[in-house]
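Visitor: Input: one structure, supplied below.
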Protein chains: 2
Amino acid sequence: MSRNVPNKIYLPESKMPKQWLNLQAVMPEKPDPYINPGTMKPAVPSDFEGLFSCELVAQEFNSVDKFIDIPREIQKYFKMYRPSPLIRAYALEKELKTPAKIYYKYEGNNTSGSHKLNSALPQVYYNKKEGIKALTTETGAGQWGTALAIACAFYKMPLTIFMVKGSYEQKPYRKALMNVFGSTVIASPSLTTNVGRQINKDFPGTNGSLGCAISEAVEYAVTHPKSKYVLGSVLNQVLLHQSIVGLETKEQLALYDEYPDVLIGCAGGGSNLGGIIAPFIKDKVDGTGNPHIIAVEPASCPSLTRGVYAYDFGDTGHMTPICKMYTLGSTFMPSNIHAGGLRYHGMAPIVSKLYHDKLIDEARAERQTEVFKAAVLFAKCEALIPAPESSHAIKVAIDEAIKAREEGKAKTIVFCLSGHGNLDLSAYTNYLEGGLDDYIPTEEDLSKLRQALPKV
Amino acid sequence: MSRNVPNKIYLPESKMPKQWLNLQAVMPEKPDPYINPGTMKPAVPSDFEGLFSCELVAQEFNSVDKFIDIPREIQKYFKMYRPSPLIRAYALEKELKTPAKIYYKYEGNNTSGSHKLNSALPQVYYNKKEGIKALTTETGAGQWGTALAIACAFYKMPLTIFMVKGSYEQKPYRKALMNVFGSTVIASPSLTTNVGRQINKDFPGTNGSLGCAISEAVEYAVTHPKSKYVLGSVLNQVLLHQSIVGLETKEQLALYDEYPDVLIGCAGGGSNLGGIIAPFIKDKVDGTGNPHIIAVEPASCPSLTRGVYAYDFGDTGHMTPICKMYTLGSTFMPSNIHAGGLRYHGMAPIVSKLYHDKLIDEARAERQTEVFKAAVLFAKCEALIPAPESSHAIKVAIDEAIKAREEGKAKTIVFCLSGHGNLDLSAYTNYLEGGLDDYIPTEEDLSKLRQALPKV
């Protein structure tokens, strides 16, 4: 364990990646094409252009260019908070008495509090460039909404956010953050859209869901002139933007001749996982490296470990294209766990395909009580409160470090700490007071949902 | 405006200061001595040793050594979050169309969220080293309590925090943070101490005050074996520890041949202001530099601008030593403004003396509505939500940048952004909804309070 590695490895701004890495172009086998739910035929770019900016649609369909330039304007903004630090968890290593070296890429040190800003900025930039006058989106836990609000404030772009009603009421600080940056936040289901009114009528008093909020944001965008919709995860374009996380990580490790033996990311829609693994997947494909990659999901929403690899809708309201992915079924209602960012029935098509093709080596499902236990241990050692989502990665990193101790192996463990938990403190209080449950869906529930998959 | 200055100036960990700068030893005239309220004679170190660790008392009374070594153990921990970045506010400069260069030293990128951790760590370290088994403190806004909880978790030191009841109820996230790190948090006035019980009896239903919480923490420490009390501001030792902020800032600026024309800090007890100005005060004394130093306080608690320079108690309960400082009177009850960290009737004796001797050039009192307006503008430009306390410095930095524009002068403006406002979002909501008041004490109120000053 060489003590000359600093606690925090910073890259100079001049070393920030100037290109994104496009996993679609790197993968030996491409994800299956999107299906247009109207025609039930493979979707073409023009199917998406009513909803998304043209440049983003081009990125969504680009399976040719391995590297895509990051526009200078975006680089300029990125430099306000990037490169993000890669941190050596010395205190955690000591506490665990492990011979393993533990590194975490910390994406929480910007005011949005997570990696979401990495995709929010380019999405707003391209829309602005194409003359779009307003954006809409949805947010569940609030990280994406916050990131987009910050990016929109910077580019002076009006933004309407449909926030899942349960979160809206439980997380006034998240709403306040979006308001400070000038965004309009509407609790979903709302009375603003047809789909919202219908859901309110059908399910009086509902707390809403991400699927519903997506449908509302989509309707709002298509019914307002010069408005477009943006999405913070799942899509190929989002994983492209998040590749900057992995590219920096690889470069930071290389400064100290390090390379991951084990590489870990939590997985909800797949954005931070897809980001941190990007250059390492390329290494696997090129035969220049072979870290053991582990995706970590909540036991209550286990799409990779207990879902099926099939064509399914991205939203509950069935307004989105159909995509091939690991899914629990688009009507799956995830339990009300605190890792709101991991409560999604599906998984990014790219991540799904990589897992299916064994380029992502392993997926684990973890219970939230165990995850919070790991989070508190981490917090006390590293003086950093992790987001409940990111804490799934921490749980597995700790398990791997203990395993390394038991095996007497000095492994290098790297994980993505995708965000801070400073706005999730009520969840921590809940955990400390013994009030957390572990919700595990039954096999019966899951098999029922599978029957509702669209026939493609 | 040379574009080769990066957005964020980081020092490598190897360049982190290895010594603190002791303002007491640097000042041409020393602050007047503390007075022991029992004997009404100048206090000696042994008067403090029942309450504080011996090493910290030695620092409190050290007016000889200009530089004091930072123990290696403390340096090691500091490196988990220091050196902190010095950030060039390019986006704010652009928004203000100012020829001024604006830099801010950002102390909010650690989980305590402020500069308070810089003094919490050494205070816990010295107590631990001297065999102390438990610590007590008070916290108002919560920044100090959080920082101390984090430091105590690291050193595995039990901590009891008396938190002003109003804050305790309004800021459940702050309490939760301290709990995550394993501290006990008690709403003050409590039923745990004699002084707390008395205050509850005399003022049923009171929301408490910092003065009362200090008295409770002091009583708790002296009535429990092997327990000591620690304090996060005002004291000479705290300003000593905070000098690392200024030392880093000066070094970071020097990397780009910069030096402040104007240097700004908010001032409540004086800890972040005393920290950022330390090496620049030395420059003034040595004749090697002469930045215009501005202290910014709330108009509702204007100790420097409307208080008197006199001997006074540090707490409402009159349990602390008497010190010479700018004060509004120890029974002054500050209004319930959102910059809780600036609600203190007095000011650090060192800061007071520097201001009295004109080494601090100017003090300004700002209204909280104007301060929040500046904070929101800053947030939108710099993608960072500042603490209400730190926003006082922002307000004046913006005023100075506008003045520079009007004068056509390319000044270098430097301020301390002492903490983030991510846990102060209800205050922002309050501001955005037009619910903030500006409380200004009347001249009559202030003159009454002055009559209660102790006769020394």
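The way I read the labels, and the way they are meant: chains A, B, ... in the order of the structure tokens, residue 1 as the first residue of every chain, and ligand 1 as the first ligand shown, with later ones counted on from there.
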Could you give me, as an mmCIF file with all heavy atoms, in the first residue's frame, the residues within 12 Å of Val222 of chain B, counting only C-alpha atoms and dropping anything in the same chain fewer than 6 positions from it?
Guide:
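So the final result, stored in part34.cif, reads:
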```cif
data_model
loop_
_atom_site.group_PDB
_atom_site.id
_atom_site.type_symbol
_atom_site.label_atom_id
_atom_site.label_comp_id
_atom_site.auth_asym_id
_atom_site.auth_seq_id
_atom_site.Cartn_x
_atom_site.Cartn_y
_atom_site.Cartn_z
ATOM 1 N N PHE B 48 -8.475 28.529 32.808
ATOM 2 C CA PHE B 48 -9.176 27.909 31.678
ATOM 3 C C PHE B 48 -9.070 26.386 31.676
ATOM 4 O O PHE B 48 -9.770 25.711 30.926
ATOM 5 C CB PHE B 48 -8.577 28.411 30.346
ATOM 6 C CG PHE B 48 -9.023 29.796 29.944
ATOM 7 C CD1 PHE B 48 -8.582 30.913 30.636
ATOM 8 C CD2 PHE B 48 -9.870 29.984 28.858
ATOM 9 C CE1 PHE B 48 -8.969 32.196 30.253
ATOM 10 C CE2 PHE B 48 -10.275 31.261 28.476
ATOM 11 C CZ PHE B 48 -9.818 32.366 29.172
ATOM 12 N N GLU B 49 -8.138 25.856 32.492
ATOM 13 C CA GLU B 49 -7.796 24.454 32.308
ATOM 14 C C GLU B 49 -8.822 23.467 32.831
ATOM 15 O O GLU B 49 -8.785 22.283 32.477
ATOM 16 C CB GLU B 49 -6.384 24.171 32.844
ATOM 17 C CG GLU B 49 -5.334 24.757 31.898
ATOM 18 C CD GLU B 49 -3.911 24.708 32.443
ATOM 19 O OE1 GLU B 49 -3.723 24.207 33.573
ATOM 20 O OE2 GLU B 49 -3.002 25.188 31.734
ATOM 21 N N GLY B 50 -9.751 23.943 33.662
ATOM 22 C CA GLY B 50 -10.836 23.051 34.059
ATOM 23 C C GLY B 50 -11.770 22.746 32.890
ATOM 24 O O GLY B 50 -12.362 21.677 32.802
ATOM 25 N N LEU B 51 -11.836 23.726 31.999
ATOM 26 C CA LEU B 51 -12.830 23.671 30.923
ATOM 27 C C LEU B 51 -12.237 23.171 29.610
ATOM 28 O O LEU B 51 -12.876 22.421 28.870
ATOM 29 C CB LEU B 51 -13.362 25.096 30.735
ATOM 30 C CG LEU B 51 -14.737 25.280 30.102
ATOM 31 C CD1 LEU B 51 -15.771 24.436 30.819
ATOM 32 C CD2 LEU B 51 -15.123 26.762 30.139
ATOM 33 N N PHE B 52 -10.981 23.599 29.308
ATOM 34 C CA PHE B 52 -10.372 23.298 28.011
ATOM 35 C C PHE B 52 -9.127 22.421 28.186
ATOM 36 O O PHE B 52 -8.504 22.410 29.244
ATOM 37 C CB PHE B 52 -9.933 24.602 27.314
ATOM 38 C CG PHE B 52 -11.062 25.511 26.927
ATOM 39 C CD1 PHE B 52 -11.299 26.680 27.631
ATOM 40 C CD2 PHE B 52 -11.885 25.203 25.843
ATOM 41 C CE1 PHE B 52 -12.335 27.536 27.270
ATOM 42 C CE2 PHE B 52 -12.916 26.060 25.474
ATOM 43 C CZ PHE B 52 -13.143 27.225 26.194
ATOM 44 N N ALA B 134 -14.778 12.508 26.921
ATOM 45 C CA ALA B 134 -16.018 12.970 26.278
ATOM 46 C C ALA B 134 -15.975 14.481 26.130
ATOM 47 O O ALA B 134 -15.321 15.175 26.919
ATOM 48 C CB ALA B 134 -17.235 12.555 27.093
ATOM 49 N N LEU B 135 -16.677 14.983 25.138
ATOM 50 C CA LEU B 135 -16.716 16.425 24.904
ATOM 51 C C LEU B 135 -18.158 16.921 24.882
ATOM 52 O O LEU B 135 -19.090 16.166 24.589
ATOM 53 C CB LEU B 135 -16.046 16.773 23.565
ATOM 54 C CG LEU B 135 -14.535 16.548 23.486
ATOM 55 C CD1 LEU B 135 -14.037 16.814 22.064
ATOM 56 C CD2 LEU B 135 -13.803 17.461 24.474
ATOM 57 N N THR B 136 -18.305 18.204 25.194
ATOM 58 C CA THR B 136 -19.609 18.848 25.033
ATOM 59 C C THR B 136 -19.402 20.153 24.274
ATOM 60 O O THR B 136 -18.330 20.755 24.331
ATOM 61 C CB THR B 136 -20.277 19.212 26.382
ATOM 62 O OG1 THR B 136 -19.496 20.239 27.013
ATOM 63 C CG2 THR B 136 -20.375 18.013 27.299
ATOM 64 N N THR B 137 -20.456 20.546 23.593
ATOM 65 C CA THR B 137 -20.434 21.843 22.932
ATOM 66 C C THR B 137 -21.865 22.304 22.727
ATOM 67 O O THR B 137 -22.818 21.589 23.068
ATOM 68 C CB THR B 137 -19.678 21.796 21.591
ATOM 69 O OG1 THR B 137 -19.335 23.133 21.192
ATOM 70 C CG2 THR B 137 -20.518 21.143 20.490
ATOM 71 N N THR B 193 -29.571 19.960 32.562
ATOM 72 C CA THR B 193 -28.651 20.760 33.386
ATOM 73 C C THR B 193 -29.452 21.664 34.316
ATOM 74 O O THR B 193 -30.635 21.955 34.073
ATOM 75 C CB THR B 193 -27.772 21.672 32.506
ATOM 76 O OG1 THR B 193 -28.619 22.617 31.842
ATOM 77 C CG2 THR B 193 -26.997 20.871 31.463
ATOM 78 N N SER B 215 -24.049 28.000 28.141
ATOM 79 C CA SER B 215 -24.075 27.788 29.589
ATOM 80 C C SER B 215 -24.363 26.323 29.920
ATOM 81 O O SER B 215 -23.745 25.738 30.809
ATOM 82 C CB SER B 215 -25.136 28.694 30.245
ATOM 83 O OG SER B 215 -24.913 30.050 29.899
ATOM 84 N N GLU B 216 -25.296 25.705 29.184
ATOM 85 C CA GLU B 216 -25.613 24.289 29.434
ATOM 86 C C GLU B 216 -24.423 23.384 29.123
ATOM 87 O O GLU B 216 -24.110 22.458 29.885
ATOM 88 C CB GLU B 216 -26.815 23.857 28.585
ATOM 89 C CG GLU B 216 -28.143 24.383 29.109
ATOM 90 C CD GLU B 216 -29.297 23.462 28.723
ATOM 91 O OE1 GLU B 216 -29.855 23.656 27.624
ATOM 92 O OE2 GLU B 216 -29.628 22.553 29.514
ATOM 93 N N LYS B 228 -14.577 17.649 28.686
ATOM 94 C CA LYS B 228 -14.185 19.039 28.465
ATOM 95 C C LYS B 228 -15.163 19.683 27.498
ATOM 96 O O LYS B 228 -15.945 19.020 26.821
ATOM 97 C CB LYS B 228 -12.765 19.122 27.878
ATOM 98 C CG LYS B 228 -11.685 18.571 28.774
ATOM 99 C CD LYS B 228 -11.132 19.601 29.723
ATOM 100 C CE LYS B 228 -10.053 18.963 30.616
ATOM 101 N NZ LYS B 228 -9.520 19.904 31.597
ATOM 102 N N TYR B 229 -15.065 21.005 27.466
ATOM 103 C CA TYR B 229 -15.935 21.812 26.626
ATOM 104 C C TYR B 229 -15.118 22.336 25.439
ATOM 105 O O TYR B 229 -13.924 22.611 25.584
ATOM 106 C CB TYR B 229 -16.483 22.966 27.473
ATOM 107 C CG TYR B 229 -17.157 24.058 26.700
ATOM 108 C CD1 TYR B 229 -18.432 23.869 26.173
ATOM 109 C CD2 TYR B 229 -16.519 25.285 26.502
ATOM 110 C CE1 TYR B 229 -19.056 24.878 25.446
ATOM 111 C CE2 TYR B 229 -17.148 26.299 25.797
ATOM 112 C CZ TYR B 229 -18.411 26.087 25.262
ATOM 113 O OH TYR B 229 -19.020 27.076 24.556
ATOM 114 N N VAL B 230 -15.746 22.445 24.295
ATOM 115 C CA VAL B 230 -15.067 23.039 23.131
ATOM 116 C C VAL B 230 -15.991 24.067 22.482
ATOM 117 O O VAL B 230 -17.220 23.957 22.575
ATOM 118 C CB VAL B 230 -14.651 21.969 22.092
ATOM 119 C CG1 VAL B 230 -13.481 21.136 22.594
ATOM 120 C CG2 VAL B 230 -15.811 21.061 21.728
ATOM 121 N N MET B 319 -21.148 32.775 32.495
ATOM 122 C CA MET B 319 -20.269 31.734 33.026
ATOM 123 C C MET B 319 -18.875 31.799 32.402
ATOM 124 O O MET B 319 -17.961 31.141 32.860
ATOM 125 C CB MET B 319 -20.878 30.354 32.750
ATOM 126 C CG MET B 319 -22.234 30.175 33.441
ATOM 127 S SD MET B 319 -23.030 28.606 33.022
ATOM 128 C CE MET B 319 -22.065 27.464 34.015
#
```
Visitor: Would you mind writing down, as a PyMOL selection string, each residue of segment 50-169 of chain A that DSSP on the backbone assigns to helix (DSSP H, G or I)?
Guide: chain A and resi 54-61+72-78+90-96+117-129+143-154+165-169
Visitor: Just want the 7 Å neighbourhood of Ala278 of chain A, counted on only C-alpha atoms, with same-chain residues fewer than 6 positions away dropped. Output as a ChimeraX atom specification.
Guide: /A:21,23,243,246
Visitor: Let me see the file: selected residues, all heavy atoms, as an mmCIF file, in the first residue's frame.
Guide:
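Dumped everything to again-v3.cif:
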```cif
data_model
loop_
_atom_site.group_PDB
_atom_site.id
_atom_site.type_symbol
_atom_site.label_atom_id
_atom_site.label_comp_id
_atom_site.auth_asym_id
_atom_site.auth_seq_id
_atom_site.Cartn_x
_atom_site.Cartn_y
_atom_site.Cartn_z
ATOM 1 N N LEU A 21 -16.734 8.921 -24.775
ATOM 2 C CA LEU A 21 -16.531 7.573 -25.316
ATOM 3 C C LEU A 21 -17.905 6.944 -25.546
ATOM 4 O O LEU A 21 -18.726 6.872 -24.614
ATOM 5 C CB LEU A 21 -15.710 6.741 -24.327
ATOM 6 C CG LEU A 21 -15.512 5.267 -24.675
ATOM 7 C CD1 LEU A 21 -14.840 5.108 -26.044
ATOM 8 C CD2 LEU A 21 -14.657 4.587 -23.606
ATOM 9 N N LEU A 23 -20.118 4.004 -25.999
ATOM 10 C CA LEU A 23 -20.159 2.549 -25.780
ATOM 11 C C LEU A 23 -20.821 1.806 -26.935
ATOM 12 O O LEU A 23 -20.393 0.709 -27.298
ATOM 13 C CB LEU A 23 -20.896 2.233 -24.474
ATOM 14 C CG LEU A 23 -20.048 2.234 -23.201
ATOM 15 C CD1 LEU A 23 -20.926 1.990 -21.982
ATOM 16 C CD2 LEU A 23 -18.939 1.179 -23.270
ATOM 17 N N SER A 243 -19.821 9.038 -19.815
ATOM 18 C CA SER A 243 -18.521 8.367 -19.990
ATOM 19 C C SER A 243 -17.369 9.209 -19.463
ATOM 20 O O SER A 243 -16.301 8.689 -19.150
ATOM 21 C CB SER A 243 -18.289 8.026 -21.467
ATOM 22 O OG SER A 243 -18.118 9.213 -22.230
ATOM 23 N N GLY A 246 -15.890 7.767 -16.246
ATOM 24 C CA GLY A 246 -14.935 6.676 -16.371
ATOM 25 C C GLY A 246 -13.615 7.103 -16.991
ATOM 26 O O GLY A 246 -12.537 6.672 -16.567
#
```
Visitor: Residues at most 7 Å from segment 345-352 of chain A, counting only C-alpha atoms, excluding those fewer than 2 positions away in the same chain, as a compact mmCIF listing (two decimals) with N, CA and C atoms, in the first residue's frame?
Guide:
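Final output, saved to around_12.txt:
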```
# COMPACT_ATOMS: atom_id res chain seq x y z
N PRO A 31 -26.82 -2.97 -28.97
CA PRO A 31 -28.14 -3.22 -28.39
C PRO A 31 -29.16 -3.39 -29.52
N VAL A 234 -31.06 6.05 -18.67
CA VAL A 234 -31.52 4.99 -19.58
C VAL A 234 -31.01 5.15 -21.02
N LEU A 235 -31.14 6.35 -21.58
CA LEU A 235 -30.84 6.55 -23.00
C LEU A 235 -29.35 6.39 -23.31
N ASN A 236 -29.08 6.03 -24.57
CA ASN A 236 -27.70 5.91 -25.05
C ASN A 236 -26.95 7.23 -24.90
N GLY A 268 -29.63 1.97 -11.44
CA GLY A 268 -31.07 2.18 -11.41
C GLY A 268 -31.54 2.20 -12.85
N GLY A 269 -31.32 3.35 -13.52
CA GLY A 269 -31.52 3.41 -14.96
C GLY A 269 -30.24 3.04 -15.69
N GLY A 270 -29.11 3.16 -15.00
CA GLY A 270 -27.83 2.75 -15.56
C GLY A 270 -26.87 3.86 -15.91
N GLY A 274 -23.02 3.03 -16.35
CA GLY A 274 -22.57 3.11 -17.74
C GLY A 274 -21.43 4.10 -17.91
N CYS A 301 -35.95 -3.74 -6.18
CA CYS A 301 -36.19 -3.38 -7.58
C CYS A 301 -35.13 -4.04 -8.45
N SER A 303 -34.01 -5.46 -11.33
CA SER A 303 -34.22 -5.71 -12.76
C SER A 303 -33.16 -6.63 -13.36
N CYS A 323 -38.02 -0.70 -25.83
CA CYS A 323 -36.61 -1.04 -25.96
C CYS A 323 -36.30 -2.38 -25.31
N LYS A 324 -35.24 -2.99 -25.79
CA LYS A 324 -34.82 -4.29 -25.27
C LYS A 324 -33.95 -4.05 -24.05
N MET A 325 -34.38 -4.61 -22.94
CA MET A 325 -33.64 -4.34 -21.70
C MET A 325 -34.02 -5.36 -20.64
N TYR A 326 -33.24 -5.41 -19.57
CA TYR A 326 -33.68 -6.16 -18.40
C TYR A 326 -34.81 -5.37 -17.75
N THR A 327 -35.92 -6.02 -17.52
CA THR A 327 -37.10 -5.31 -17.00
C THR A 327 -37.90 -6.18 -16.06
N LEU A 328 -38.57 -5.49 -15.16
CA LEU A 328 -39.51 -6.16 -14.24
C LEU A 328 -40.93 -5.99 -14.74
N GLY A 329 -41.07 -5.38 -15.92
CA GLY A 329 -42.40 -5.07 -16.45
C GLY A 329 -42.73 -3.62 -16.17
N SER A 330 -43.27 -2.92 -17.18
CA SER A 330 -43.45 -1.48 -17.06
C SER A 330 -44.53 -1.09 -16.06
N PHE A 332 -44.55 -2.51 -13.06
CA PHE A 332 -43.97 -2.81 -11.74
C PHE A 332 -43.96 -1.55 -10.89
N ARG A 343 -35.25 3.29 -8.30
CA ARG A 343 -36.58 2.71 -8.40
C ARG A 343 -37.09 2.81 -9.83
N LEU A 354 -24.73 -5.26 -22.26
CA LEU A 354 -23.40 -5.59 -21.75
C LEU A 354 -23.48 -6.69 -20.69
N TYR A 355 -24.52 -6.63 -19.88
CA TYR A 355 -24.70 -7.64 -18.84
C TYR A 355 -25.07 -8.97 -19.48
N HIS A 356 -25.94 -8.89 -20.45
CA HIS A 356 -26.37 -10.11 -21.16
C HIS A 356 -25.18 -10.78 -21.84
```
Visitor: What does the distance from atom CA of Lys358 of chain A to atom CA of Gln24 of chain A come to in Å, to one decimal?
Guide: 15.5 Å
Visitor: Please determine the contact residues of chain B with respect to chain A at a cut-off of 6 Å, counting only C-alpha atoms, and supply them as a list in words.
Guide: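 Only these qualify: Asn7, Met80, Thr111, Ala153, Tyr173, Ala176, Phe181, Lys380, Leu384, Leu425 and Thr429 of chain B.
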Visitor: I need the residues in segment 162-341 of chain A that are strand (DSSP E) according to DSSP; give them as an mmCIF file with C-alpha atoms, in the first residue's frame.
Guide:
```
data_model
loop_
_atom_site.group_PDB
_atom_site.id
_atom_site.type_symbol
_atom_site.label_atom_id
_atom_site.label_comp_id
_atom_site.auth_asym_id
_atom_site.auth_seq_id
_atom_site.Cartn_x
_atom_site.Cartn_y
_atom_site.Cartn_z
ATOM 1 C CA PHE A 162 -42.880 17.129 -13.029
ATOM 2 C CA MET A 163 -41.829 15.781 -9.651
ATOM 3 C CA VAL A 164 -43.309 12.549 -8.320
ATOM 4 C CA THR A 184 -41.136 25.527 -12.121
ATOM 5 C CA VAL A 185 -41.821 22.368 -10.137
ATOM 6 C CA ILE A 186 -45.214 20.640 -10.437
ATOM 7 C CA ALA A 187 -46.306 17.703 -8.295
ATOM 8 C CA SER A 188 -47.213 14.713 -10.475
ATOM 9 C CA SER A 227 -40.586 22.829 -26.191
ATOM 10 C CA LYS A 228 -38.647 19.600 -25.924
ATOM 11 C CA TYR A 229 -38.366 16.831 -23.413
ATOM 12 C CA VAL A 262 -12.891 -4.811 -9.202
ATOM 13 C CA LEU A 263 -15.062 -1.991 -10.561
ATOM 14 C CA ILE A 264 -18.427 -1.244 -8.944
ATOM 15 C CA GLY A 265 -21.388 1.002 -9.678
ATOM 16 C CA CYS A 266 -24.967 1.186 -8.483
ATOM 17 C CA HIS A 292 -14.370 -7.611 -12.639
ATOM 18 C CA ILE A 293 -17.371 -5.308 -13.110
ATOM 19 C CA ILE A 294 -20.234 -5.471 -10.613
ATOM 20 C CA ALA A 295 -23.596 -3.710 -10.992
ATOM 21 C CA VAL A 296 -25.460 -3.207 -7.718
ATOM 22 C CA GLU A 297 -29.206 -2.764 -7.540
ATOM 23 C CA PRO A 298 -31.740 -2.703 -4.687
ATOM 24 C CA VAL A 308 -36.099 -10.702 -17.914
ATOM 25 C CA TYR A 309 -34.169 -9.507 -20.955
ATOM 26 C CA ALA A 310 -37.020 -8.506 -23.222
ATOM 27 C CA TYR A 311 -38.636 -5.665 -25.166
ATOM 28 C CA ASP A 312 -40.614 -3.359 -22.887
ATOM 29 C CA PHE A 313 -41.896 0.181 -22.527
ATOM 30 C CA ILE A 322 -40.106 0.117 -26.750
ATOM 31 C CA CYS A 323 -36.607 -1.038 -25.964
ATOM 32 C CA LYS A 324 -34.816 -4.287 -25.274
ATOM 33 C CA MET A 325 -33.641 -4.344 -21.699
ATOM 34 C CA TYR A 326 -33.685 -6.161 -18.396
ATOM 35 C CA THR A 327 -37.096 -5.311 -17.005
#
```
Visitor: In terms of the shortest atom-to-atom distance over only C-alpha atoms, which of A:Leu304, A:Gly38, A:Leu231, A:Thr320 is closest to Lys353 of chain A?
Guide: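 Going through A:Leu304, A:Gly38, A:Leu231, A:Thr320 one by one, the smallest distance to Lys353 of chain A is for A:Leu304.
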Visitor: Need the shell around Ser46 of chain A: protein/DNA/RNA residues with any atom at most 12 Å away, counting only C-alpha atoms. Skip same-chain ones fewer than 3 positions apart. Format as a PyMOL selection string?
Guide: chain A and resi 36+42-43+49-58+60-61
